[in-house]
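For reference, the structure is listed below as structure tokens.
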Amino acid sequence: MDLPTYAIEAKGLIKTYKATKTTPAKTALNGVDLQIPRGSIFGLLGPNGAGKSTFINILAGLVRKTSGTVRIWDRDIDERPRDARACIGVVAQEIAADVFFTPRESMEVQAGMYGVPKAERHTLEILNALGLGDKADAYVRQLSGGMKRRLMVAKAMVHNPPILILDEPTAGVDVELRRQLWRYVVGLNQLGVTIVLTTHYLEEAQELCDTIAIVNRGEVVACEPTAQLLRRLDTRTVVITPTAPLSEVPALGRYAGVIRPGGELAVTFKTGESGVEAVLAAVREAGVAIKDLATEDPDLEDVFMSLTYSAGEEADPTRA
Ligand code: ADP
Ligand code: MG
């Protein structure tokens, strides 16, 4: 059997949520084309509301796409929905735990749902790998948030799918447990499992993923190997203290300045395209007398926002 080049392939994917009495119609995905290479740890990075969960939920069969095509492990989700879904394990964004079952029972129920024969189940092995072995028979309501999330990961793997999808996996997970979760995920990847995760933290995607797609307002605005993307995001900021505090941003030609609370002027530039000298020249040109200056390394979140929001638009206030 030939293995697919892409674990997941979406073409022209559109999702418009219908209007309700209280909310207008909303296009959450506006023509998404994505090819997720088999064997990768792929990050879907974007601010809240970008459409990440909508994409994942379409893969999981929880949301119906409006149009476009999706193939999972070379199986079209319209033509072979069951086959396609058998190839993914999905860990949803919201913590959902069945309070009536112990982790062991919960795993068994899940395995039953996927038709995994008893002899082929690895319940304890998976729970152990996720550090839940000693909680196998505990009541789920006795588990912490981080444990519940790891149980969700364990359940997603009962049928041994070639693709594991995690939607915002670190929400509610403390640092130590996050490390453990990543170790598990990286270990699976080394065994050949393709990993897809969504996050709104660049640092998280940067640390884990070999390929990153940035989504914003339902569109893919970048998709490339992590190192290449980071080079594109390589910026520095010059912070200028003027002799008199500024109240508005002077015109700086090709640069965009931001006034800091103390009346300082911050100007960010791409390291490959410009330099401190050129920025200072533009500032002097604008008639600003410079008293002092400093340079700063990029704040990744700022850089990320500058890439995902086109100039002049307000940042999404709902962004965490
Ligand atoms: P993300 O996961 O990137 O934060 P979502 O896919 O959850 O983004 O949401 C994308 C957009 O679609 C948002 O504007 C959100 O409000 C909207 N949306 C999500 N789910 C629904 C729904 N069930 N009904 C209507 N609108 C929705
Ligand atoms: Mg989401």
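Order determines the names: the first chain of the structure tokens is A, the second B, and so forth; residues in each chain are numbered 1 upward, and ligands are numbered 1 upward as they are shown.
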**OP:** Check the DSSP output for the backbone and give back, as a PyMOL selection string, the residues of range 70-284 of chain A in alpha helix (DSSP H).
**Re:** chain A and resi 81-86+103-113+123-129+145-156+175-190+202-208+226-232+276-284
Contacts with ligand 2 at most 8 Å, only C-alpha atoms and all ligand atoms counted, listed as a CSV table (one decimal) with N, CA, C and O atoms, in the first residue's frame:
```csv
chain,number,residue,atom,x,y,z
A,48,ASN,N,-7.0,34.1,18.0
A,48,ASN,CA,-8.3,33.6,18.3
A,48,ASN,C,-9.3,34.1,17.2
A,48,ASN,O,-9.2,35.3,16.8
A,49,GLY,N,-10.1,33.2,16.8
A,49,GLY,CA,-11.1,33.6,15.8
A,49,GLY,C,-10.6,33.4,14.4
A,49,GLY,O,-11.4,33.7,13.4
A,50,ALA,N,-9.4,33.0,14.2
A,50,ALA,CA,-8.8,32.8,12.9
A,50,ALA,C,-9.5,31.7,12.0
A,50,ALA,O,-9.5,31.8,10.8
A,51,GLY,N,-10.1,30.7,12.7
A,51,GLY,CA,-10.7,29.6,12.0
A,51,GLY,C,-10.0,28.3,12.2
A,51,GLY,O,-10.4,27.3,11.6
A,52,LYS,N,-9.1,28.2,13.2
A,52,LYS,CA,-8.3,27.0,13.4
A,52,LYS,C,-9.3,25.9,13.8
A,52,LYS,O,-9.2,24.8,13.3
A,53,SER,N,-10.1,26.1,14.8
A,53,SER,CA,-11.0,25.1,15.3
A,53,SER,C,-12.0,24.7,14.3
A,53,SER,O,-12.3,23.5,14.2
A,54,THR,N,-12.4,25.6,13.5
A,54,THR,CA,-13.4,25.3,12.4
A,54,THR,C,-12.7,24.3,11.5
A,54,THR,O,-13.3,23.3,11.1
A,93,GLN,N,-10.5,21.3,21.5
A,93,GLN,CA,-10.1,22.4,22.3
A,93,GLN,C,-10.7,22.4,23.7
A,93,GLN,O,-10.0,22.7,24.7
A,167,ASP,N,-6.0,20.4,19.2
A,167,ASP,CA,-6.5,21.8,19.0
A,167,ASP,C,-6.2,22.6,20.3
A,167,ASP,O,-6.8,22.3,21.4
A,168,GLU,N,-5.3,23.5,20.3
A,168,GLU,CA,-4.8,24.3,21.5
A,168,GLU,C,-4.5,23.4,22.7
A,168,GLU,O,-5.1,23.5,23.7
A,198,THR,N,-2.8,23.2,16.7
A,198,THR,CA,-3.2,24.6,16.6
A,198,THR,C,-2.7,25.3,17.8
A,198,THR,O,-2.7,24.7,18.9
```
Original post:
Within 12 Å of ligand 1, counting only C-alpha atoms and all ligand atoms, which protein or nucleic acid residues do you find, written as a VMD selection string?
Top reply: chain A and resid 14 to 30 44 to 58 62 to 65 92 to 94 166 to 169 197 to 201 214 to 220 316 to 320
Original post:
Given the choices A:Lys148, A:Arg38, A:Arg85, A:Lys291, which gets closest to Thr194 in chain A if the distance is worked out from only C-alpha atoms?
Top reply: A:Arg38
Original post:
Among range 7-144 of chain A, which ones does DSSP place in strand (DSSP E), written as a ChimeraX atom specification?
Top reply: /A:7-17,26-37,41-45,67-72,75-76,88-91
**OP:** Write out as a list in words each polymer residue whose atoms come within 12 Å of Gln206 in chain A, counting only C-alpha atoms; drop sequence neighbours fewer than 3 positions from it.
**Re:**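 After dropping sequence-adjacent residues, the list is Ile41, Phe42, Gly43, Leu44, Leu45, Leu197, Thr198, Thr199, His200, Tyr201, Leu202, Glu203, Cys209, Asp210, Thr211, Ile212, Ala213, Ile214, Glu224, Pro225, Thr226, Ala227, Gln228, Leu229, Leu230, Arg231, Leu233, Leu300 and Phe304 of chain A.
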Keeping only N, CA, C and O atoms, take the residues you just selected and write them out as a CSV table (one decimal), in the first residue's frame.
```csv
chain,number,residue,atom,x,y,z
A,41,ILE,N,5.4,17.5,12.0
A,41,ILE,CA,4.7,18.1,13.1
A,41,ILE,C,4.3,19.5,12.6
A,41,ILE,O,5.2,20.4,12.4
A,42,PHE,N,3.1,19.6,12.3
A,42,PHE,CA,2.6,20.8,11.5
A,42,PHE,C,1.8,21.7,12.5
A,42,PHE,O,0.9,21.3,13.2
A,43,GLY,N,2.2,23.0,12.5
A,43,GLY,CA,1.5,24.0,13.3
A,43,GLY,C,0.5,24.8,12.6
A,43,GLY,O,0.9,25.4,11.5
A,44,LEU,N,-0.7,24.9,13.1
A,44,LEU,CA,-1.7,25.9,12.5
A,44,LEU,C,-1.7,27.0,13.5
A,44,LEU,O,-2.3,26.8,14.6
A,45,LEU,N,-1.1,28.1,13.1
A,45,LEU,CA,-0.9,29.2,14.0
A,45,LEU,C,-1.8,30.4,13.6
A,45,LEU,O,-1.8,30.7,12.5
A,197,LEU,N,-1.1,20.5,15.2
A,197,LEU,CA,-1.5,21.2,16.3
A,197,LEU,C,-1.9,22.6,16.0
A,197,LEU,O,-1.2,23.3,15.2
A,198,THR,N,-2.8,23.2,16.7
A,198,THR,CA,-3.2,24.6,16.6
A,198,THR,C,-2.7,25.3,17.8
A,198,THR,O,-2.7,24.7,18.9
A,199,THR,N,-2.4,26.6,17.7
A,199,THR,CA,-2.0,27.4,18.8
A,199,THR,C,-2.0,28.8,18.4
A,199,THR,O,-2.0,29.2,17.2
A,200,HIS,N,-2.2,29.7,19.4
A,200,HIS,CA,-2.0,31.1,19.1
A,200,HIS,C,-0.7,31.7,19.6
A,200,HIS,O,-0.5,32.9,19.6
A,201,TYR,N,0.1,30.7,20.1
A,201,TYR,CA,1.5,31.2,20.5
A,201,TYR,C,2.5,30.8,19.5
A,201,TYR,O,2.8,29.6,19.3
A,202,LEU,N,3.2,31.8,19.0
A,202,LEU,CA,4.3,31.6,18.0
A,202,LEU,C,5.4,30.7,18.7
A,202,LEU,O,5.9,29.8,18.1
A,203,GLU,N,5.7,31.0,19.9
A,203,GLU,CA,6.8,30.3,20.6
A,203,GLU,C,6.5,28.8,20.7
A,203,GLU,O,7.4,28.0,20.5
A,209,CYS,N,7.2,22.7,15.9
A,209,CYS,CA,6.7,22.3,14.6
A,209,CYS,C,7.8,22.4,13.6
A,209,CYS,O,8.6,23.4,13.6
A,210,ASP,N,7.8,21.5,12.6
A,210,ASP,CA,8.8,21.7,11.5
A,210,ASP,C,8.2,22.6,10.4
A,210,ASP,O,9.0,23.1,9.6
A,211,THR,N,6.9,22.6,10.3
A,211,THR,CA,6.2,23.5,9.3
A,211,THR,C,5.1,24.2,10.0
A,211,THR,O,4.4,23.7,10.9
A,212,ILE,N,5.0,25.5,9.6
A,212,ILE,CA,4.0,26.3,10.3
A,212,ILE,C,3.1,27.0,9.2
A,212,ILE,O,3.6,27.6,8.2
A,213,ALA,N,1.8,26.9,9.4
A,213,ALA,CA,0.9,27.7,8.5
A,213,ALA,C,0.3,28.8,9.4
A,213,ALA,O,-0.1,28.5,10.5
A,214,ILE,N,0.3,30.0,8.9
A,214,ILE,CA,-0.4,31.1,9.7
A,214,ILE,C,-1.7,31.3,9.1
A,214,ILE,O,-1.8,31.6,7.9
A,224,GLU,N,5.1,27.6,5.6
A,224,GLU,CA,6.5,27.3,5.2
A,224,GLU,C,7.2,26.6,6.3
A,224,GLU,O,6.8,26.6,7.5
A,225,PRO,N,8.4,26.0,6.0
A,225,PRO,CA,9.2,25.4,7.1
A,225,PRO,C,9.5,26.5,8.2
A,225,PRO,O,9.7,27.6,7.9
A,226,THR,N,9.5,26.0,9.4
A,226,THR,CA,9.6,26.9,10.6
A,226,THR,C,10.8,27.9,10.5
A,226,THR,O,10.7,29.1,10.6
A,227,ALA,N,12.0,27.3,10.1
A,227,ALA,CA,13.2,28.2,10.1
A,227,ALA,C,13.0,29.3,9.0
A,227,ALA,O,13.4,30.5,9.3
A,228,GLN,N,12.4,29.0,7.9
A,228,GLN,CA,12.2,30.0,6.8
A,228,GLN,C,11.3,31.0,7.3
A,228,GLN,O,11.5,32.2,7.1
A,229,LEU,N,10.2,30.6,8.0
A,229,LEU,CA,9.2,31.6,8.4
A,229,LEU,C,9.8,32.5,9.5
A,229,LEU,O,9.6,33.7,9.5
A,230,LEU,N,10.6,31.9,10.4
A,230,LEU,CA,11.3,32.8,11.4
A,230,LEU,C,12.2,33.8,10.8
A,230,LEU,O,12.3,34.9,11.3
A,231,ARG,N,12.9,33.4,9.8
A,231,ARG,CA,13.8,34.4,9.1
A,231,ARG,C,13.0,35.5,8.6
A,231,ARG,O,13.4,36.7,8.6
A,233,LEU,N,10.3,36.6,9.8
A,233,LEU,CA,9.8,37.4,10.9
A,233,LEU,C,10.9,38.1,11.7
A,233,LEU,O,10.6,38.7,12.7
A,300,LEU,N,7.8,38.5,20.0
A,300,LEU,CA,7.2,37.6,19.0
A,300,LEU,C,5.8,37.8,18.7
A,300,LEU,O,5.3,37.7,17.6
A,304,PHE,N,4.2,38.7,15.1
A,304,PHE,CA,3.1,37.8,14.6
A,304,PHE,C,1.9,38.6,14.2
A,304,PHE,O,1.3,38.4,13.1
```
